[in-house]
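Trainee: Coordinates in structure13.cif, mmCIF, N, CA, C and O atoms, are listed below.
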```cif
data_work
#
loop_
_atom_site.label_atom_id
_atom_site.label_comp_id
_atom_site.auth_asym_id
_atom_site.auth_seq_id
_atom_site.Cartn_x
_atom_site.Cartn_y
_atom_site.Cartn_z
N MET A 1 -10.64 0.88 -30.06
CA MET A 1 -10.12 -0.01 -29.03
C MET A 1 -10.25 -1.45 -29.54
O MET A 1 -11.29 -1.84 -30.04
N THR A 2 -9.20 -2.20 -29.36
CA THR A 2 -9.21 -3.60 -29.77
C THR A 2 -9.84 -4.47 -28.68
O THR A 2 -9.98 -4.03 -27.52
N LEU A 3 -10.18 -5.69 -29.02
CA LEU A 3 -10.72 -6.63 -28.05
C LEU A 3 -9.72 -6.87 -26.92
O LEU A 3 -10.09 -6.88 -25.74
N SER A 4 -8.46 -7.03 -27.28
CA SER A 4 -7.44 -7.28 -26.26
C SER A 4 -7.33 -6.10 -25.29
O SER A 4 -7.22 -6.31 -24.07
N GLU A 5 -7.38 -4.89 -25.79
CA GLU A 5 -7.34 -3.70 -24.93
C GLU A 5 -8.58 -3.63 -24.04
O GLU A 5 -8.49 -3.28 -22.87
N HIS A 6 -9.73 -3.97 -24.60
CA HIS A 6 -10.99 -3.94 -23.87
C HIS A 6 -10.96 -4.93 -22.69
O HIS A 6 -11.31 -4.56 -21.56
N ILE A 7 -10.52 -6.14 -22.96
CA ILE A 7 -10.46 -7.16 -21.91
C ILE A 7 -9.49 -6.73 -20.81
O ILE A 7 -9.80 -6.83 -19.62
N LYS A 8 -8.33 -6.25 -21.19
CA LYS A 8 -7.32 -5.84 -20.22
C LYS A 8 -7.86 -4.69 -19.36
O LYS A 8 -7.69 -4.68 -18.14
N GLU A 9 -8.52 -3.74 -19.99
CA GLU A 9 -9.08 -2.60 -19.26
C GLU A 9 -10.17 -3.07 -18.28
O GLU A 9 -10.19 -2.64 -17.12
N LYS A 10 -11.05 -3.95 -18.72
CA LYS A 10 -12.12 -4.47 -17.86
C LYS A 10 -11.52 -5.22 -16.67
O LYS A 10 -11.98 -5.09 -15.54
N ARG A 11 -10.51 -6.03 -16.94
CA ARG A 11 -9.87 -6.81 -15.88
C ARG A 11 -9.28 -5.89 -14.83
O ARG A 11 -9.50 -6.07 -13.63
N LYS A 12 -8.56 -4.88 -15.27
CA LYS A 12 -7.92 -3.96 -14.34
C LYS A 12 -8.93 -3.14 -13.56
O LYS A 12 -8.78 -2.92 -12.36
N LYS A 13 -10.01 -2.69 -14.23
CA LYS A 13 -11.05 -1.92 -13.54
C LYS A 13 -11.72 -2.74 -12.45
O LYS A 13 -12.21 -2.19 -11.47
N ASN A 14 -11.76 -4.05 -12.64
CA ASN A 14 -12.37 -4.94 -11.66
C ASN A 14 -11.36 -5.49 -10.66
O ASN A 14 -11.70 -6.35 -9.85
N GLY A 15 -10.14 -4.99 -10.73
CA GLY A 15 -9.12 -5.37 -9.75
C GLY A 15 -8.70 -6.82 -9.82
O GLY A 15 -8.36 -7.40 -8.79
N LEU A 16 -8.71 -7.40 -11.01
CA LEU A 16 -8.35 -8.80 -11.17
C LEU A 16 -6.96 -8.96 -11.78
O LEU A 16 -6.58 -8.19 -12.66
N THR A 17 -6.26 -9.97 -11.33
CA THR A 17 -5.01 -10.35 -11.99
C THR A 17 -5.37 -11.26 -13.16
O THR A 17 -6.52 -11.73 -13.26
N GLN A 18 -4.41 -11.53 -14.01
CA GLN A 18 -4.67 -12.46 -15.11
C GLN A 18 -5.02 -13.84 -14.56
O GLN A 18 -5.89 -14.52 -15.11
N ILE A 19 -4.38 -14.23 -13.50
CA ILE A 19 -4.65 -15.54 -12.89
C ILE A 19 -6.08 -15.60 -12.36
O ILE A 19 -6.80 -16.57 -12.61
N GLU A 20 -6.50 -14.55 -11.68
CA GLU A 20 -7.87 -14.51 -11.14
C GLU A 20 -8.90 -14.52 -12.26
O GLU A 20 -9.93 -15.20 -12.16
N LEU A 21 -8.64 -13.76 -13.31
CA LEU A 21 -9.56 -13.73 -14.45
C LEU A 21 -9.68 -15.11 -15.07
O LEU A 21 -10.79 -15.59 -15.35
N ALA A 22 -8.57 -15.78 -15.27
CA ALA A 22 -8.58 -17.12 -15.85
C ALA A 22 -9.37 -18.08 -14.98
O ALA A 22 -10.21 -18.85 -15.49
N GLU A 23 -9.16 -18.04 -13.67
CA GLU A 23 -9.87 -18.94 -12.75
C GLU A 23 -11.37 -18.68 -12.77
O GLU A 23 -12.16 -19.61 -12.84
N ARG A 24 -11.75 -17.42 -12.70
CA ARG A 24 -13.19 -17.08 -12.67
C ARG A 24 -13.89 -17.40 -13.97
O ARG A 24 -15.07 -17.74 -13.98
N ALA A 25 -13.18 -17.25 -15.08
CA ALA A 25 -13.78 -17.52 -16.39
C ALA A 25 -13.72 -18.99 -16.77
O ALA A 25 -14.39 -19.41 -17.70
N GLY A 26 -12.90 -19.76 -16.06
CA GLY A 26 -12.77 -21.17 -16.38
C GLY A 26 -11.93 -21.44 -17.61
O GLY A 26 -12.15 -22.41 -18.33
N VAL A 27 -10.98 -20.55 -17.86
CA VAL A 27 -10.06 -20.72 -18.99
C VAL A 27 -8.63 -20.74 -18.43
O VAL A 27 -8.41 -20.41 -17.27
N GLY A 28 -7.70 -21.10 -19.26
CA GLY A 28 -6.31 -21.16 -18.83
C GLY A 28 -5.64 -19.80 -18.80
O GLY A 28 -6.04 -18.88 -19.52
N LEU A 29 -4.63 -19.70 -17.95
CA LEU A 29 -3.85 -18.47 -17.87
C LEU A 29 -3.22 -18.14 -19.22
O LEU A 29 -3.20 -16.97 -19.62
N ARG A 30 -2.74 -19.13 -19.91
CA ARG A 30 -2.14 -18.92 -21.23
C ARG A 30 -3.14 -18.27 -22.18
O ARG A 30 -2.80 -17.36 -22.94
N PHE A 31 -4.40 -18.73 -22.12
CA PHE A 31 -5.43 -18.15 -22.99
C PHE A 31 -5.62 -16.67 -22.67
O PHE A 31 -5.71 -15.84 -23.59
N VAL A 32 -5.70 -16.32 -21.40
CA VAL A 32 -5.89 -14.92 -21.00
C VAL A 32 -4.72 -14.08 -21.49
O VAL A 32 -4.91 -12.98 -22.03
N ARG A 33 -3.52 -14.60 -21.34
CA ARG A 33 -2.34 -13.86 -21.80
C ARG A 33 -2.37 -13.65 -23.31
O ARG A 33 -2.09 -12.55 -23.80
N GLU A 34 -2.71 -14.69 -24.05
CA GLU A 34 -2.79 -14.58 -25.51
C GLU A 34 -3.90 -13.61 -25.92
O GLU A 34 -3.73 -12.83 -26.86
N LEU A 35 -5.01 -13.65 -25.22
CA LEU A 35 -6.12 -12.75 -25.50
C LEU A 35 -5.70 -11.30 -25.30
O LEU A 35 -5.94 -10.45 -26.16
N GLU A 36 -5.06 -11.02 -24.19
CA GLU A 36 -4.64 -9.65 -23.89
C GLU A 36 -3.48 -9.19 -24.78
O GLU A 36 -3.28 -7.99 -24.95
N GLN A 37 -2.74 -10.12 -25.34
CA GLN A 37 -1.65 -9.76 -26.24
C GLN A 37 -2.12 -9.61 -27.68
O GLN A 37 -1.34 -9.25 -28.56
N GLY A 38 -3.40 -9.89 -27.93
CA GLY A 38 -3.96 -9.67 -29.26
C GLY A 38 -3.73 -10.80 -30.25
O GLY A 38 -3.68 -10.56 -31.45
N LYS A 39 -3.60 -12.02 -29.76
CA LYS A 39 -3.42 -13.16 -30.66
C LYS A 39 -4.57 -13.16 -31.69
O LYS A 39 -5.73 -12.96 -31.34
N GLN A 40 -4.24 -13.39 -32.93
CA GLN A 40 -5.21 -13.28 -34.02
C GLN A 40 -6.20 -14.44 -34.09
O GLN A 40 -7.31 -14.27 -34.58
N THR A 41 -5.82 -15.61 -33.61
CA THR A 41 -6.71 -16.77 -33.68
C THR A 41 -6.99 -17.28 -32.27
O THR A 41 -6.12 -17.81 -31.61
N LEU A 42 -8.22 -17.07 -31.84
CA LEU A 42 -8.67 -17.52 -30.52
C LEU A 42 -10.05 -18.15 -30.66
O LEU A 42 -10.82 -17.79 -31.54
N ARG A 43 -10.35 -19.07 -29.78
CA ARG A 43 -11.67 -19.70 -29.81
C ARG A 43 -12.72 -18.73 -29.29
O ARG A 43 -12.61 -18.19 -28.19
N MET A 44 -13.74 -18.51 -30.10
CA MET A 44 -14.79 -17.57 -29.76
C MET A 44 -15.53 -17.97 -28.49
O MET A 44 -15.91 -17.11 -27.69
N ASP A 45 -15.73 -19.27 -28.27
CA ASP A 45 -16.44 -19.70 -27.07
C ASP A 45 -15.66 -19.34 -25.81
O ASP A 45 -16.24 -18.92 -24.80
N LYS A 46 -14.35 -19.44 -25.87
CA LYS A 46 -13.53 -19.09 -24.71
C LYS A 46 -13.49 -17.57 -24.50
O LYS A 46 -13.50 -17.09 -23.37
N VAL A 47 -13.45 -16.83 -25.60
CA VAL A 47 -13.52 -15.36 -25.49
C VAL A 47 -14.82 -14.98 -24.80
O VAL A 47 -14.84 -14.13 -23.91
N ASN A 48 -15.92 -15.63 -25.18
CA ASN A 48 -17.21 -15.33 -24.57
C ASN A 48 -17.27 -15.74 -23.10
O ASN A 48 -17.99 -15.11 -22.32
N GLU A 49 -16.54 -16.76 -22.70
CA GLU A 49 -16.48 -17.13 -21.29
C GLU A 49 -15.85 -16.00 -20.48
O GLU A 49 -16.28 -15.71 -19.37
N VAL A 50 -14.83 -15.39 -21.03
CA VAL A 50 -14.17 -14.26 -20.36
C VAL A 50 -15.10 -13.05 -20.35
O VAL A 50 -15.32 -12.42 -19.31
N LEU A 51 -15.67 -12.72 -21.50
CA LEU A 51 -16.56 -11.56 -21.59
C LEU A 51 -17.79 -11.69 -20.71
O LEU A 51 -18.31 -10.69 -20.20
N ALA A 52 -18.27 -12.92 -20.50
CA ALA A 52 -19.46 -13.15 -19.68
C ALA A 52 -19.28 -12.63 -18.26
O ALA A 52 -20.25 -12.20 -17.63
N LEU A 53 -18.06 -12.63 -17.77
CA LEU A 53 -17.79 -12.10 -16.43
C LEU A 53 -18.14 -10.62 -16.33
O LEU A 53 -18.43 -10.11 -15.25
N PHE A 54 -18.11 -9.95 -17.45
CA PHE A 54 -18.39 -8.51 -17.49
C PHE A 54 -19.76 -8.21 -18.10
O PHE A 54 -20.05 -7.07 -18.45
N GLY A 55 -20.58 -9.25 -18.26
CA GLY A 55 -21.92 -9.06 -18.80
C GLY A 55 -21.94 -8.76 -20.29
O GLY A 55 -22.85 -8.10 -20.78
N GLU A 56 -20.94 -9.25 -21.00
CA GLU A 56 -20.82 -8.98 -22.44
C GLU A 56 -20.64 -10.29 -23.21
O GLU A 56 -20.38 -11.33 -22.62
N HIS A 57 -20.79 -10.21 -24.53
CA HIS A 57 -20.51 -11.36 -25.38
C HIS A 57 -20.12 -10.88 -26.77
O HIS A 57 -20.41 -9.76 -27.15
N LEU A 58 -19.46 -11.76 -27.48
CA LEU A 58 -19.00 -11.49 -28.83
C LEU A 58 -19.83 -12.31 -29.79
O LEU A 58 -20.10 -13.48 -29.53
N GLY A 59 -20.26 -11.73 -30.87
CA GLY A 59 -21.06 -12.46 -31.83
C GLY A 59 -20.95 -11.85 -33.21
O GLY A 59 -20.32 -10.81 -33.40
N PRO A 60 -21.59 -12.48 -34.19
CA PRO A 60 -21.55 -11.95 -35.55
C PRO A 60 -22.30 -10.63 -35.65
O PRO A 60 -23.24 -10.38 -34.90
N VAL A 61 -21.85 -9.81 -36.56
CA VAL A 61 -22.48 -8.52 -36.81
C VAL A 61 -23.09 -8.57 -38.20
O VAL A 61 -22.40 -8.89 -39.17
N LYS A 62 -24.36 -8.27 -38.30
CA LYS A 62 -25.03 -8.28 -39.60
C LYS A 62 -24.63 -7.05 -40.39
O LYS A 62 -24.71 -5.92 -39.89
N ASN A 63 -24.21 -7.26 -41.61
CA ASN A 63 -23.84 -6.17 -42.50
C ASN A 63 -25.05 -5.83 -43.35
O ASN A 63 -25.46 -6.60 -44.20
N GLU A 64 -25.61 -4.66 -43.15
CA GLU A 64 -26.82 -4.25 -43.85
C GLU A 64 -26.57 -3.92 -45.33
O GLU A 64 -27.50 -3.82 -46.09
N LEU A 65 -25.32 -3.76 -45.72
CA LEU A 65 -25.00 -3.40 -47.09
C LEU A 65 -25.09 -4.59 -48.06
O LEU A 65 -25.18 -4.40 -49.25
N LEU A 66 -25.04 -5.80 -47.55
CA LEU A 66 -25.04 -6.97 -48.43
C LEU A 66 -26.42 -7.43 -48.76
O LEU A 66 -27.38 -7.39 -48.19
#
```
Re-express the file's structure as structure tokens.

Mentor:
Amino acid sequence: MTLSEHIKEKRKKNGLTQIELAERAGVGLRFVRELEQGKQTLRMDKVNEVLALFGEHLGPVKNELL
């Protein structure tokens, strides 16, 4: 599952429109649309503002192989 699919699924499970999600997260509607459409370059801080509504966050993953 991609991040965009995850966000869209969480939004729908919580009965939110894109407009409501944007308002609650404090981000723009355009950002939510781009996020759900899988735009490749997004600001991580804004992604985390959206994820925070669902008790989640995005961060670096340590690669144990290096």

Trainee: Please evaluate the PyMOL selection byres (((chain A and resi 36 and name CA) around 10) and name CA) against the displayed coordinates and give the resulting residues as a ChimeraX atom specification.

Mentor: /A:2-9,11,18,30-35,37-39

Trainee: May I have the selected residues written with N, CA, C and O atoms, as an mmCIF file, in the frame of the given file?

Mentor:
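Wrote it out as selection39.cif, contents follow:
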```cif
data_model
loop_
_atom_site.group_PDB
_atom_site.id
_atom_site.type_symbol
_atom_site.label_atom_id
_atom_site.label_comp_id
_atom_site.auth_asym_id
_atom_site.auth_seq_id
_atom_site.Cartn_x
_atom_site.Cartn_y
_atom_site.Cartn_z
ATOM 1 N N THR A 2 -9.200 -2.200 -29.360
ATOM 2 C CA THR A 2 -9.210 -3.600 -29.770
ATOM 3 C C THR A 2 -9.840 -4.470 -28.680
ATOM 4 O O THR A 2 -9.980 -4.030 -27.520
ATOM 5 N N LEU A 3 -10.180 -5.690 -29.020
ATOM 6 C CA LEU A 3 -10.720 -6.630 -28.050
ATOM 7 C C LEU A 3 -9.720 -6.870 -26.920
ATOM 8 O O LEU A 3 -10.090 -6.880 -25.740
ATOM 9 N N SER A 4 -8.460 -7.030 -27.280
ATOM 10 C CA SER A 4 -7.440 -7.280 -26.260
ATOM 11 C C SER A 4 -7.330 -6.100 -25.290
ATOM 12 O O SER A 4 -7.220 -6.310 -24.070
ATOM 13 N N GLU A 5 -7.380 -4.890 -25.790
ATOM 14 C CA GLU A 5 -7.340 -3.700 -24.930
ATOM 15 C C GLU A 5 -8.580 -3.630 -24.040
ATOM 16 O O GLU A 5 -8.490 -3.280 -22.870
ATOM 17 N N HIS A 6 -9.730 -3.970 -24.600
ATOM 18 C CA HIS A 6 -10.990 -3.940 -23.870
ATOM 19 C C HIS A 6 -10.960 -4.930 -22.690
ATOM 20 O O HIS A 6 -11.310 -4.560 -21.560
ATOM 21 N N ILE A 7 -10.520 -6.140 -22.960
ATOM 22 C CA ILE A 7 -10.460 -7.160 -21.910
ATOM 23 C C ILE A 7 -9.490 -6.730 -20.810
ATOM 24 O O ILE A 7 -9.800 -6.830 -19.620
ATOM 25 N N LYS A 8 -8.330 -6.250 -21.190
ATOM 26 C CA LYS A 8 -7.320 -5.840 -20.220
ATOM 27 C C LYS A 8 -7.860 -4.690 -19.360
ATOM 28 O O LYS A 8 -7.690 -4.680 -18.140
ATOM 29 N N GLU A 9 -8.520 -3.740 -19.990
ATOM 30 C CA GLU A 9 -9.080 -2.600 -19.260
ATOM 31 C C GLU A 9 -10.170 -3.070 -18.280
ATOM 32 O O GLU A 9 -10.190 -2.640 -17.120
ATOM 33 N N ARG A 11 -10.510 -6.030 -16.940
ATOM 34 C CA ARG A 11 -9.870 -6.810 -15.880
ATOM 35 C C ARG A 11 -9.280 -5.890 -14.830
ATOM 36 O O ARG A 11 -9.500 -6.070 -13.630
ATOM 37 N N GLN A 18 -4.410 -11.530 -14.010
ATOM 38 C CA GLN A 18 -4.670 -12.460 -15.110
ATOM 39 C C GLN A 18 -5.020 -13.840 -14.560
ATOM 40 O O GLN A 18 -5.890 -14.520 -15.110
ATOM 41 N N ARG A 30 -2.740 -19.130 -19.910
ATOM 42 C CA ARG A 30 -2.140 -18.920 -21.230
ATOM 43 C C ARG A 30 -3.140 -18.270 -22.180
ATOM 44 O O ARG A 30 -2.800 -17.360 -22.940
ATOM 45 N N PHE A 31 -4.400 -18.730 -22.120
ATOM 46 C CA PHE A 31 -5.430 -18.150 -22.990
ATOM 47 C C PHE A 31 -5.620 -16.670 -22.670
ATOM 48 O O PHE A 31 -5.710 -15.840 -23.590
ATOM 49 N N VAL A 32 -5.700 -16.320 -21.400
ATOM 50 C CA VAL A 32 -5.890 -14.920 -21.000
ATOM 51 C C VAL A 32 -4.720 -14.080 -21.490
ATOM 52 O O VAL A 32 -4.910 -12.980 -22.030
ATOM 53 N N ARG A 33 -3.520 -14.600 -21.340
ATOM 54 C CA ARG A 33 -2.340 -13.860 -21.800
ATOM 55 C C ARG A 33 -2.370 -13.650 -23.310
ATOM 56 O O ARG A 33 -2.090 -12.550 -23.800
ATOM 57 N N GLU A 34 -2.710 -14.690 -24.050
ATOM 58 C CA GLU A 34 -2.790 -14.580 -25.510
ATOM 59 C C GLU A 34 -3.900 -13.610 -25.920
ATOM 60 O O GLU A 34 -3.730 -12.830 -26.860
ATOM 61 N N LEU A 35 -5.010 -13.650 -25.220
ATOM 62 C CA LEU A 35 -6.120 -12.750 -25.500
ATOM 63 C C LEU A 35 -5.700 -11.300 -25.300
ATOM 64 O O LEU A 35 -5.940 -10.450 -26.160
ATOM 65 N N GLN A 37 -2.740 -10.120 -25.340
ATOM 66 C CA GLN A 37 -1.650 -9.760 -26.240
ATOM 67 C C GLN A 37 -2.120 -9.610 -27.680
ATOM 68 O O GLN A 37 -1.340 -9.250 -28.560
ATOM 69 N N GLY A 38 -3.400 -9.890 -27.930
ATOM 70 C CA GLY A 38 -3.960 -9.670 -29.260
ATOM 71 C C GLY A 38 -3.730 -10.800 -30.250
ATOM 72 O O GLY A 38 -3.680 -10.560 -31.450
ATOM 73 N N LYS A 39 -3.600 -12.020 -29.760
ATOM 74 C CA LYS A 39 -3.420 -13.160 -30.660
ATOM 75 C C LYS A 39 -4.570 -13.160 -31.690
ATOM 76 O O LYS A 39 -5.730 -12.960 -31.340
#
```

Trainee: Can you work out the spacing between atom CA of Leu21 of chain A and atom CA of Leu51 of chain A in Å, to one decimal?

Mentor: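 Computing it gives 10.2 Å between the two atoms.
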
Trainee: With DSSP run on the backbone, what are the alpha helix (DSSP H) residues within chain A? I'd like them as a PyMOL selection string.

Mentor: chain A and resi 3-13+18-25+29-36+44-52

Trainee: What separation in Å, quoted to one decimal, exists between atom C of Val61 of chain A and atom N of Lys10 of chain A?

Mentor: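 Straight-line distance from atom C of Val61 of chain A to atom N of Lys10 of chain A works out to 23.4 Å.
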